[in-house]
file input.tsv (TSV, C-alpha atoms)
chain	number	residue	atom	x	y	z
A	1	MET	CA	59.69	-20.87	-9.03
A	2	GLU	CA	59.00	-17.27	-8.11
A	3	PRO	CA	59.16	-16.69	-4.35
A	4	LEU	CA	55.96	-15.83	-2.54
A	5	GLY	CA	55.35	-12.13	-2.04
A	6	LEU	CA	54.71	-10.45	1.28
A	7	VAL	CA	51.06	-9.80	2.09
A	8	VAL	CA	50.68	-6.52	3.94
A	9	HIS	CA	47.58	-5.87	6.04
A	10	GLY	CA	46.77	-2.28	6.88
A	11	LYS	CA	44.81	-1.25	9.95
A	12	ALA	CA	41.13	-2.15	9.70
A	13	GLU	CA	39.71	0.78	11.67
A	14	PRO	CA	40.92	3.64	9.43
A	15	PHE	CA	39.82	1.68	6.36
A	16	SER	CA	36.36	1.09	7.84
A	17	ALA	CA	36.08	4.74	8.91
A	18	ALA	CA	37.00	5.95	5.44
A	19	LEU	CA	34.32	3.78	3.84
A	20	ARG	CA	31.78	4.82	6.47
A	21	SER	CA	32.35	8.43	5.48
A	22	LEU	CA	31.02	7.55	2.00
A	23	VAL	CA	27.64	6.34	3.33
A	24	ASN	CA	24.97	8.76	2.08
A	25	ASN	CA	27.69	11.11	0.85
A	26	PRO	CA	26.73	12.81	-2.43
A	27	ARG	CA	30.39	13.42	-3.30
A	28	TYR	CA	31.51	10.88	-5.92
A	29	SER	CA	28.18	9.05	-5.62
A	30	ASP	CA	26.60	7.76	-8.83
A	31	VAL	CA	23.20	6.55	-7.64
A	32	CYS	CA	20.46	8.21	-5.62
A	33	PHE	CA	17.72	6.32	-3.79
A	34	VAL	CA	14.41	7.82	-2.75
A	35	VAL	CA	13.66	5.94	0.45
A	36	GLY	CA	10.68	5.40	2.73
A	37	GLN	CA	7.33	7.07	3.01
A	38	GLU	CA	9.09	10.38	3.64
A	39	ARG	CA	10.88	9.98	0.24
A	40	GLN	CA	14.27	10.95	1.60
A	41	GLU	CA	17.21	11.05	-0.81
A	42	VAL	CA	20.07	8.67	0.04
A	43	PHE	CA	23.31	8.68	-1.98
A	44	ALA	CA	25.45	5.63	-2.71
A	45	HIS	CA	27.98	4.09	-5.11
A	46	ARG	CA	26.93	1.50	-7.69
A	47	CYS	CA	30.14	-0.49	-7.84
A	48	LEU	CA	30.29	-1.01	-4.09
A	49	LEU	CA	26.65	-2.03	-3.71
A	50	ALA	CA	26.78	-4.33	-6.74
A	51	CYS	CA	29.89	-6.19	-5.60
A	52	ARG	CA	28.55	-6.63	-2.06
A	53	CYS	CA	24.94	-7.62	-2.69
A	54	ASN	CA	23.25	-9.61	-5.45
A	55	PHE	CA	20.01	-7.69	-4.94
A	56	PHE	CA	21.68	-4.39	-5.80
A	57	GLN	CA	23.69	-6.01	-8.58
A	58	ARG	CA	20.41	-6.93	-10.29
A	59	LEU	CA	18.75	-3.64	-9.40
A	60	LEU	CA	21.61	-1.49	-10.67
A	61	GLY	CA	22.85	-3.75	-13.44
A	62	THR	CA	21.75	-1.53	-16.28
A	63	GLU	CA	24.26	1.15	-17.12
A	64	PRO	CA	22.84	4.65	-16.59
A	65	GLY	CA	22.32	6.68	-19.73
A	66	PRO	CA	23.79	10.12	-20.39
A	67	GLY	CA	22.83	12.95	-18.10
A	68	VAL	CA	21.64	12.72	-14.51
A	69	PRO	CA	20.28	9.21	-13.79
A	70	SER	CA	16.77	8.87	-12.36
A	71	PRO	CA	16.61	8.09	-8.63
A	72	VAL	CA	15.80	4.54	-7.54
A	73	VAL	CA	12.61	4.50	-5.47
A	74	LEU	CA	12.51	2.14	-2.44
A	75	SER	CA	9.35	3.26	-0.67
A	76	THR	CA	8.81	0.24	1.61
A	77	VAL	CA	12.01	0.44	3.64
A	78	PRO	CA	12.36	3.10	6.37
A	79	THR	CA	15.27	5.48	5.90
A	80	GLU	CA	17.00	4.53	9.15
A	81	ALA	CA	16.91	0.84	8.27
A	82	PHE	CA	18.19	1.50	4.74
A	83	LEU	CA	21.10	3.55	6.06
A	84	ALA	CA	21.96	0.70	8.44
A	85	VAL	CA	22.01	-1.71	5.49
A	86	LEU	CA	24.29	0.65	3.55
A	87	GLU	CA	26.64	0.99	6.50
A	88	PHE	CA	26.88	-2.79	6.72
A	89	LEU	CA	27.56	-3.10	2.99
A	90	TYR	CA	30.24	-0.38	3.06
A	91	THR	CA	32.03	-1.37	6.27
A	92	ASN	CA	30.87	-4.93	7.07
A	93	SER	CA	29.70	-3.66	10.45
A	94	VAL	CA	26.76	-1.67	11.79
A	95	LYS	CA	25.39	-0.51	15.13
A	96	LEU	CA	21.85	-1.80	15.62
A	97	HIS	CA	19.19	-0.14	17.76
A	98	ARG	CA	16.25	-1.90	19.37
A	99	HIS	CA	13.69	0.60	18.07
A	100	SER	CA	14.61	-0.14	14.44
A	101	VAL	CA	16.10	-3.65	14.48
A	102	LEU	CA	12.97	-5.31	13.07
A	103	GLU	CA	12.98	-2.95	10.09
A	104	VAL	CA	16.67	-3.75	9.53
A	105	LEU	CA	15.84	-7.45	9.77
A	106	THR	CA	13.10	-7.07	7.15
A	107	ALA	CA	15.48	-5.24	4.80
A	108	ALA	CA	18.23	-7.82	5.36
A	109	VAL	CA	15.84	-10.62	4.39
A	110	GLU	CA	14.61	-8.73	1.31
A	111	TYR	CA	18.15	-7.96	0.14
A	112	GLY	CA	19.51	-11.44	0.90
A	113	LEU	CA	22.07	-10.28	3.50
A	114	GLU	CA	22.38	-13.47	5.54
A	115	GLU	CA	25.03	-12.23	7.99
A	116	LEU	CA	23.07	-9.10	8.82
A	117	ARG	CA	19.85	-11.11	9.10
A	118	GLU	CA	21.37	-13.50	11.65
A	119	VAL	CA	22.68	-10.67	13.80
A	120	ALA	CA	19.42	-8.72	13.61
A	121	VAL	CA	17.39	-11.78	14.61
A	122	THR	CA	19.60	-12.40	17.64
A	123	PHE	CA	19.62	-8.76	18.72
A	124	GLY	CA	15.89	-8.26	18.26
A	125	LEU	CA	14.71	-11.68	19.43
A	126	GLY	CA	12.68	-10.47	22.41
A	127	GLN	CA	10.91	-7.75	20.46
A	128	LEU	CA	10.38	-10.09	17.52
A	129	GLN	CA	8.82	-12.70	19.80
A	130	GLU	CA	6.51	-10.09	21.34
A	131	ARG	CA	5.25	-9.02	17.92
A	132	CYS	CA	4.70	-12.62	16.82
A	133	VAL	CA	2.79	-13.45	20.00
A	134	ALA	CA	0.65	-10.32	19.62
A	135	PHE	CA	-0.17	-11.28	16.02
A	136	ILE	CA	-1.16	-14.82	17.00
A	137	GLU	CA	-3.23	-13.51	19.93
A	138	ALA	CA	-5.23	-11.40	17.49
A	139	HIS	CA	-5.57	-14.19	14.88
A	140	SER	CA	-5.58	-17.24	17.15
A	141	GLN	CA	-7.97	-19.57	15.35
A	142	GLU	CA	-6.40	-18.96	11.95
A	143	ALA	CA	-2.87	-19.37	13.34
A	144	LEU	CA	-3.65	-22.68	15.06
A	145	ARG	CA	-4.66	-24.18	11.71
A	146	THR	CA	-1.42	-23.35	9.92
A	147	ARG	CA	1.51	-25.62	9.20
A	148	GLY	CA	3.72	-23.06	10.88
A	149	PHE	CA	1.98	-23.64	14.22
A	150	LEU	CA	2.61	-27.39	14.00
A	151	GLU	CA	6.30	-26.71	13.36
A	152	LEU	CA	6.84	-24.39	16.35
A	153	SER	CA	9.44	-25.41	18.90
A	154	ALA	CA	8.32	-26.02	22.48
A	155	ALA	CA	10.13	-22.84	23.53
A	156	ALA	CA	8.16	-20.83	20.96
A	157	LEU	CA	4.84	-22.43	21.91
A	158	LEU	CA	5.15	-21.81	25.65
A	159	PRO	CA	4.56	-18.01	25.62
A	160	LEU	CA	1.46	-18.56	23.49
A	161	LEU	CA	-0.07	-21.07	25.90
A	162	ARG	CA	0.70	-18.74	28.81
A	163	SER	CA	-1.17	-15.85	27.21
A	164	ASP	CA	-4.53	-14.64	28.53
A	165	LYS	CA	-5.16	-12.85	25.24
A	166	LEU	CA	-5.54	-15.82	22.90
A	167	CYS	CA	-8.83	-15.51	21.01
A	168	VAL	CA	-9.59	-19.22	21.16
A	169	ASP	CA	-11.49	-21.55	23.47
A	170	GLU	CA	-9.58	-23.97	25.68
A	171	ALA	CA	-11.12	-27.06	24.07
A	172	GLU	CA	-9.79	-25.99	20.67
A	173	LEU	CA	-6.43	-25.14	22.22
A	174	VAL	CA	-6.18	-28.65	23.70
A	175	ARG	CA	-6.88	-30.16	20.27
A	176	ALA	CA	-4.26	-27.91	18.68
A	177	ALA	CA	-1.70	-28.90	21.31
A	178	ARG	CA	-2.40	-32.57	20.61
A	179	SER	CA	-1.93	-32.07	16.86
A	180	TRP	CA	1.30	-30.17	17.53
A	181	ALA	CA	2.61	-32.96	19.76
A	182	ARG	CA	1.71	-35.65	17.21
A	183	VAL	CA	3.71	-33.90	14.51
A	184	GLY	CA	6.66	-33.46	16.86
A	185	ALA	CA	6.47	-37.09	17.95
A	186	ALA	CA	6.57	-38.27	14.33
A	187	VAL	CA	9.54	-36.06	13.48
A	188	LEU	CA	11.53	-36.78	16.64
A	189	GLU	CA	10.44	-40.44	16.91
A	190	ARG	CA	9.45	-39.95	20.53
A	191	PRO	CA	6.18	-40.58	22.42
A	192	VAL	CA	3.50	-37.91	22.13
A	193	ALA	CA	3.39	-37.35	25.89
A	194	GLU	CA	7.16	-36.86	26.04
A	195	VAL	CA	7.08	-34.24	23.29
A	196	ALA	CA	4.10	-32.49	24.89
A	197	ALA	CA	5.49	-32.49	28.45
A	198	PRO	CA	7.15	-29.02	28.34
A	199	VAL	CA	3.98	-27.24	27.15
A	200	VAL	CA	0.80	-29.05	28.24
A	201	LYS	CA	1.13	-27.81	31.81
A	202	GLU	CA	0.02	-24.43	30.45
A	203	LEU	CA	-3.35	-25.79	29.27
A	204	ARG	CA	-6.18	-24.57	31.52
A	205	LEU	CA	-8.19	-27.74	31.89
A	206	ALA	CA	-10.36	-26.35	34.69
A	207	LEU	CA	-12.04	-24.14	32.09
A	208	LEU	CA	-13.52	-27.22	30.40
A	209	ALA	CA	-17.01	-28.38	31.37
A	210	PRO	CA	-17.28	-31.72	33.25
A	211	ALA	CA	-18.45	-33.56	30.12
A	212	GLU	CA	-15.51	-32.16	28.13
A	213	LEU	CA	-13.08	-33.06	30.90
A	214	SER	CA	-14.45	-36.63	31.01
A	215	ALA	CA	-14.05	-36.97	27.23
A	216	LEU	CA	-10.51	-35.62	27.46
A	217	GLU	CA	-9.71	-38.05	30.25
A	218	GLU	CA	-10.92	-40.97	28.13
A	219	GLN	CA	-8.93	-39.79	25.10
A	220	ASN	CA	-5.90	-39.36	27.32
A	221	ARG	CA	-6.13	-43.02	28.34
A	222	GLN	CA	-6.03	-44.07	24.70
A	223	GLU	CA	-3.35	-41.57	23.66
A	224	PRO	CA	-1.46	-40.12	26.64
A	225	LEU	CA	-0.88	-36.40	26.26
A	226	ILE	CA	-1.54	-34.73	29.61
A	227	PRO	CA	-0.21	-35.94	32.97
A	228	VAL	CA	-2.94	-37.60	35.06
A	229	GLU	CA	-2.09	-35.30	37.97
A	230	GLN	CA	-2.99	-32.27	35.86
A	231	ILE	CA	-6.41	-33.71	35.04
A	232	VAL	CA	-6.96	-34.51	38.72
A	233	GLU	CA	-6.25	-30.87	39.60
A	234	ALA	CA	-8.88	-29.77	37.10
A	235	TRP	CA	-11.42	-32.10	38.71
A	236	LYS	CA	-10.53	-30.63	42.11
A	237	CYS	CA	-11.38	-27.18	40.79
A	238	HIS	CA	-14.81	-28.48	39.77
A	239	ALA	CA	-15.34	-30.20	43.11
A	240	LEU	CA	-14.42	-27.13	45.16
A	241	ARG	CA	-16.65	-24.84	43.08
A	242	ARG	CA	-14.99	-21.89	44.81
A	243	GLY	CA	-12.91	-19.37	42.93
A	244	ASP	CA	-10.83	-18.42	45.96
A	245	GLU	CA	-9.70	-22.04	46.24
A	246	ALA	CA	-8.85	-22.23	42.55
A	247	ARG	CA	-6.74	-19.17	42.12
A	248	GLY	CA	-4.01	-19.33	39.52
A	249	ALA	CA	-3.44	-19.34	35.79
A	250	ALA	CA	-4.97	-22.82	35.47
A	251	CYS	CA	-8.43	-21.35	36.12
A	252	ARG	CA	-8.04	-17.97	34.47
A	253	ARG	CA	-10.17	-17.39	31.42
A	254	ARG	CA	-8.61	-16.30	28.14
A	255	ARG	CA	-9.99	-13.71	25.77
A	256	GLY	CA	-11.54	-16.41	23.59
A	257	THR	CA	-12.84	-18.69	26.36
A	258	LEU	CA	-16.45	-19.64	25.73
A	259	PRO	CA	-18.72	-19.32	28.79
A	260	ARG	CA	-19.65	-22.46	30.70
A	261	GLU	CA	-21.97	-22.88	33.64
A	262	HIS	CA	-19.22	-23.58	36.16
A	263	HIS	CA	-17.28	-20.44	35.23
A	264	ARG	CA	-19.46	-18.43	37.62
A	265	PHE	CA	-17.54	-20.11	40.44
A	266	LEU	CA	-14.25	-18.88	39.02
A	267	ASP	CA	-13.86	-15.28	40.11
A	268	LEU	CA	-10.75	-14.89	37.95
A	269	SER	CA	-12.05	-13.06	34.93
A	270	PHE	CA	-10.00	-12.27	31.86
A	271	LYS	CA	-7.33	-9.64	32.49
call {"tool": "encode", "arguments": {"input": "input.tsv", "output": "structure tokens"}}
result
Amino acid sequence: MEPLGLVVHGKAEPFSAALRSLVNNPRYSDVCFVVGQERQEVFAHRCLLACRCNFFQRLLGTEPGPGVPSPVVLSTVPTEAFLAVLEFLYTNSVKLHRHSVLEVLTAAVEYGLEELREVAVTFGLGQLQERCVAFIEAHSQEALRTRGFLELSAAALLPLLRSDKLCVDEAELVRAARSWARVGAAVLERPVAEVAAPVVKELRLALLAPAELSALEEQNRQEPLIPVEQIVEAWKCHALRRGDEARGAACRRRRGTLPREHHRFLDLSFK
């Protein structure tokens, strides 16, 4: 039996630096991309891209004909994001920046780069969440009717229910929260009220008219969703009929709150 050979590992940093020097380097390159709305030329190497990424393997699979090959147009990806993707493919590392991480994330998803996608999501989580919340604020009623809303985690739902900018009335938001909790209860095999506990405290029950609050109270007896103490606090707000005694998010109107007669006692208008 032939003895095992010695595996020699060179230093990683010089190797990575050498490959990084090839990113967007026209010397020895055999493919040119025209990238972004600004149509900037970016140079790369077919064999490296094809062996590192199935997307580029399919894109560049056809052998170029004689002469200078035509550039590959990728107009939807910003140049900075595309260069970050190339750097990752060449060196298996890349420095991400907050101002462009979402564009890198989009490119990573499109090109099937799972490792880069995971890192970009983690790095850009706060900014990503802000953009998602802003989108739902602007399209609240449509978003509440989607399957995606029902599948949100409690942690993802909380910033939505805390928002003043939701374009939806509180009564509809209560119904959406109940539907969300029912789905979660079925999946997790837990009571509806237990699933709903982390988020329902953000519902602004004092915005509901007395008749709506009474109906909610009756429904809550049949299918517990909201703590009784929270409903009692809403009734207190109605009884006081004084905005200065009801200060707080629980009485603050949202962008989509429909007017009700008792709202004139709440001096906390939408911000």
call {"tool": "closest_atom_pairs", "arguments": {"input": "input.tsv", "of": "segment 196-230 of chain A", "to": "segment 158-170 of chain A", "cutoff": "7 Å", "atoms": "only C-alpha atoms", "output": "JSON lines"}}
result
{"residue": "A:Val199", "atom": "CA", "partner": "A:Leu158", "partner_atom": "CA", "distance": 5.8}
{"residue": "A:Glu202", "atom": "CA", "partner": "A:Leu161", "partner_atom": "CA", "distance": 5.7}
{"residue": "A:Leu203", "atom": "CA", "partner": "A:Leu161", "partner_atom": "CA", "distance": 6.7}
{"residue": "A:Arg204", "atom": "CA", "partner": "A:Glu170", "partner_atom": "CA", "distance": 6.8}
{"residue": "A:Leu207", "atom": "CA", "partner": "A:Glu170", "partner_atom": "CA", "distance": 6.9}
{"residue": "A:Leu208", "atom": "CA", "partner": "A:Glu170", "partner_atom": "CA", "distance": 7.0}
call {"tool": "residues_around", "arguments": {"input": "input.tsv", "residues": "Cys132 of chain A", "least_positions_apart": "2", "cutoff": "12 Å", "atoms": "only C-alpha atoms", "output": "PyMOL selection string"}}
result
chain A and resi 102+125-130+134-140+143+149+152+156-157+159-160
call {"tool": "write_last_selection", "arguments": {"input": "input.tsv", "atoms": "C-alpha atoms", "output": "mmCIF file, in the frame of the given file"}}
result
data_model
loop_
_atom_site.group_PDB
_atom_site.id
_atom_site.type_symbol
_atom_site.label_atom_id
_atom_site.label_comp_id
_atom_site.auth_asym_id
_atom_site.auth_seq_id
_atom_site.Cartn_x
_atom_site.Cartn_y
_atom_site.Cartn_z
ATOM 1 C CA LEU A 102 12.970 -5.310 13.070
ATOM 2 C CA LEU A 125 14.710 -11.680 19.430
ATOM 3 C CA GLY A 126 12.680 -10.470 22.410
ATOM 4 C CA GLN A 127 10.910 -7.750 20.460
ATOM 5 C CA LEU A 128 10.380 -10.090 17.520
ATOM 6 C CA GLN A 129 8.820 -12.700 19.800
ATOM 7 C CA GLU A 130 6.510 -10.090 21.340
ATOM 8 C CA ALA A 134 0.650 -10.320 19.620
ATOM 9 C CA PHE A 135 -0.170 -11.280 16.020
ATOM 10 C CA ILE A 136 -1.160 -14.820 17.000
ATOM 11 C CA GLU A 137 -3.230 -13.510 19.930
ATOM 12 C CA ALA A 138 -5.230 -11.400 17.490
ATOM 13 C CA HIS A 139 -5.570 -14.190 14.880
ATOM 14 C CA SER A 140 -5.580 -17.240 17.150
ATOM 15 C CA ALA A 143 -2.870 -19.370 13.340
ATOM 16 C CA PHE A 149 1.980 -23.640 14.220
ATOM 17 C CA LEU A 152 6.840 -24.390 16.350
ATOM 18 C CA ALA A 156 8.160 -20.830 20.960
ATOM 19 C CA LEU A 157 4.840 -22.430 21.910
ATOM 20 C CA PRO A 159 4.560 -18.010 25.620
ATOM 21 C CA LEU A 160 1.460 -18.560 23.490
#
call {"tool": "residues_around", "arguments": {"input": "input.tsv", "residues": "segment 40-48 of chain A", "least_positions_apart": "5", "cutoff": "10 Å", "atoms": "all atoms listed in the file", "output": "VMD selection string"}}
result
chain A and resid 22 to 35 53 56 to 57 59 to 61 63 71 to 75 78 to 79 82 to 83 86 89 to 90
call {"tool": "write_last_selection", "arguments": {"input": "input.tsv", "atoms": "C-alpha atoms", "output": "compact mmCIF listing (two decimals), in the frame of the given file"}}
result
# COMPACT_ATOMS: atom_id res chain seq x y z
CA LEU A 22 31.02 7.55 2.00
CA VAL A 23 27.64 6.34 3.33
CA ASN A 24 24.97 8.76 2.08
CA ASN A 25 27.69 11.11 0.85
CA PRO A 26 26.73 12.81 -2.43
CA ARG A 27 30.39 13.42 -3.30
CA TYR A 28 31.51 10.88 -5.92
CA SER A 29 28.18 9.05 -5.62
CA ASP A 30 26.60 7.76 -8.83
CA VAL A 31 23.20 6.55 -7.64
CA CYS A 32 20.46 8.21 -5.62
CA PHE A 33 17.72 6.32 -3.79
CA VAL A 34 14.41 7.82 -2.75
CA VAL A 35 13.66 5.94 0.45
CA CYS A 53 24.94 -7.62 -2.69
CA PHE A 56 21.68 -4.39 -5.80
CA GLN A 57 23.69 -6.01 -8.58
CA LEU A 59 18.75 -3.64 -9.40
CA LEU A 60 21.61 -1.49 -10.67
CA GLY A 61 22.85 -3.75 -13.44
CA GLU A 63 24.26 1.15 -17.12
CA PRO A 71 16.61 8.09 -8.63
CA VAL A 72 15.80 4.54 -7.54
CA VAL A 73 12.61 4.50 -5.47
CA LEU A 74 12.51 2.14 -2.44
CA SER A 75 9.35 3.26 -0.67
CA PRO A 78 12.36 3.10 6.37
CA THR A 79 15.27 5.48 5.90
CA PHE A 82 18.19 1.50 4.74
CA LEU A 83 21.10 3.55 6.06
CA LEU A 86 24.29 0.65 3.55
CA LEU A 89 27.56 -3.10 2.99
CA TYR A 90 30.24 -0.38 3.06
call {"tool": "closest_residue", "arguments": {"input": "input.tsv", "among": "A:His99, A:Arg58, A:Arg20, A:His262", "to": "Trp235 of chain A", "atoms": "all atoms listed in the file"}}
result
A:His262
call {"tool": "atom_distance", "arguments": {"input": "input.tsv", "atom1": "atom CA of Leu113 of chain A", "atom2": "atom CA of Ala154 of chain A"}}
result
28.2 Å
call {"tool": "atom_distance", "arguments": {"input": "input.tsv", "atom1": "atom CA of Ser16 of chain A", "atom2": "atom CA of Asn92 of chain A"}}
result
8.2 Å
call {"tool": "closest_residue", "arguments": {"input": "input.tsv", "among": "A:Val133, A:Val119, A:Ala250, A:Leu173", "to": "Arg145 of chain A", "atoms": "all atoms listed in the file"}}
result
A:Leu173
call {"tool": "atom_distance", "arguments": {"input": "input.tsv", "atom1": "atom CA of Val200 of chain A", "atom2": "atom CA of Arg253 of chain A"}}
result
16.3 Å
call {"tool": "axis_aligned_box", "arguments": {"input": "input.tsv", "around": "segment 86-94 of chain A", "padding_each_side": "6 Å", "output": "JSON"}}
result
{"center_x": 28.2, "center_y": -2.0, "center_z": 7.4, "size_x": 19.7, "size_y": 17.9, "size_z": 20.8}
call {"tool": "closest_residue", "arguments": {"input": "input.tsv", "among": "A:Arg254, A:Arg39, A:Arg260, A:Arg98", "to": "Thr76 of chain A", "atoms": "all atoms listed in the file"}}
result
A:Arg39
call {"tool": "residues_around", "arguments": {"input": "input.tsv", "residues": "Ala17 of chain A", "least_positions_apart": "4", "cutoff": "8 Å", "atoms": "all atoms listed in the file", "output": "ChimeraX atom specification"}}
result
/A:13,21,91
call {"tool": "residues_around", "arguments": {"input": "input.tsv", "residues": "segment 176-184 of chain A", "least_positions_apart": "6", "cutoff": "8 Å", "atoms": "all atoms listed in the file", "output": "PyMOL selection string"}}
result
chain A and resi 144-145+149-151+190+192-193+195-196+200+225
call {"tool": "decode", "arguments": {"input": "input.tsv", "residues": "segment 67-88 of chain A", "atoms": "N, CA and C atoms", "output": "compact mmCIF listing (two decimals), in the first residue's frame"}}
result
# COMPACT_ATOMS: atom_id res chain seq x y z
N GLY A 67 -13.18 35.93 -31.93
CA GLY A 67 -13.23 37.38 -31.81
C GLY A 67 -13.54 37.81 -30.39
N VAL A 68 -13.85 39.07 -30.22
CA VAL A 68 -14.16 39.62 -28.90
C VAL A 68 -15.59 39.27 -28.53
N PRO A 69 -15.80 38.54 -27.40
CA PRO A 69 -17.16 38.16 -27.02
C PRO A 69 -18.00 39.37 -26.62
N SER A 70 -19.30 39.27 -26.84
CA SER A 70 -20.21 40.36 -26.46
C SER A 70 -20.30 40.45 -24.93
N PRO A 71 -20.43 41.64 -24.38
CA PRO A 71 -20.57 41.78 -22.93
C PRO A 71 -21.89 41.20 -22.45
N VAL A 72 -21.90 40.75 -21.21
CA VAL A 72 -23.10 40.21 -20.58
C VAL A 72 -23.77 41.34 -19.80
N VAL A 73 -25.00 41.66 -20.15
CA VAL A 73 -25.70 42.79 -19.54
C VAL A 73 -26.46 42.32 -18.29
N LEU A 74 -26.18 42.94 -17.15
CA LEU A 74 -26.89 42.70 -15.89
C LEU A 74 -27.33 44.07 -15.37
N SER A 75 -28.44 44.54 -15.87
CA SER A 75 -28.84 45.93 -15.62
C SER A 75 -29.54 46.13 -14.28
N THR A 76 -30.01 45.05 -13.63
CA THR A 76 -30.81 45.22 -12.42
C THR A 76 -29.98 45.26 -11.14
N VAL A 77 -28.73 44.86 -11.20
CA VAL A 77 -27.90 44.83 -10.00
C VAL A 77 -26.98 46.04 -9.98
N PRO A 78 -26.93 46.80 -8.87
CA PRO A 78 -26.02 47.93 -8.78
C PRO A 78 -24.57 47.48 -8.85
N THR A 79 -23.72 48.32 -9.38
CA THR A 79 -22.32 47.96 -9.58
C THR A 79 -21.64 47.59 -8.27
N GLU A 80 -21.86 48.38 -7.23
CA GLU A 80 -21.20 48.10 -5.95
C GLU A 80 -21.59 46.72 -5.42
N ALA A 81 -22.86 46.38 -5.53
CA ALA A 81 -23.32 45.08 -5.05
C ALA A 81 -22.72 43.95 -5.89
N PHE A 82 -22.64 44.15 -7.21
CA PHE A 82 -22.08 43.12 -8.08
C PHE A 82 -20.60 42.90 -7.78
N LEU A 83 -19.87 43.96 -7.53
CA LEU A 83 -18.45 43.83 -7.19
C LEU A 83 -18.28 43.09 -5.85
N ALA A 84 -19.19 43.32 -4.92
CA ALA A 84 -19.13 42.59 -3.65
C ALA A 84 -19.36 41.10 -3.87
N VAL A 85 -20.30 40.78 -4.75
CA VAL A 85 -20.55 39.37 -5.08
C VAL A 85 -19.31 38.74 -5.71
N LEU A 86 -18.68 39.46 -6.66
CA LEU A 86 -17.46 38.94 -7.28
C LEU A 86 -16.36 38.72 -6.26
N GLU A 87 -16.19 39.68 -5.36
CA GLU A 87 -15.15 39.53 -4.35
C GLU A 87 -15.40 38.29 -3.49
N PHE A 88 -16.65 38.04 -3.17
CA PHE A 88 -16.97 36.84 -2.39
C PHE A 88 -16.67 35.58 -3.19
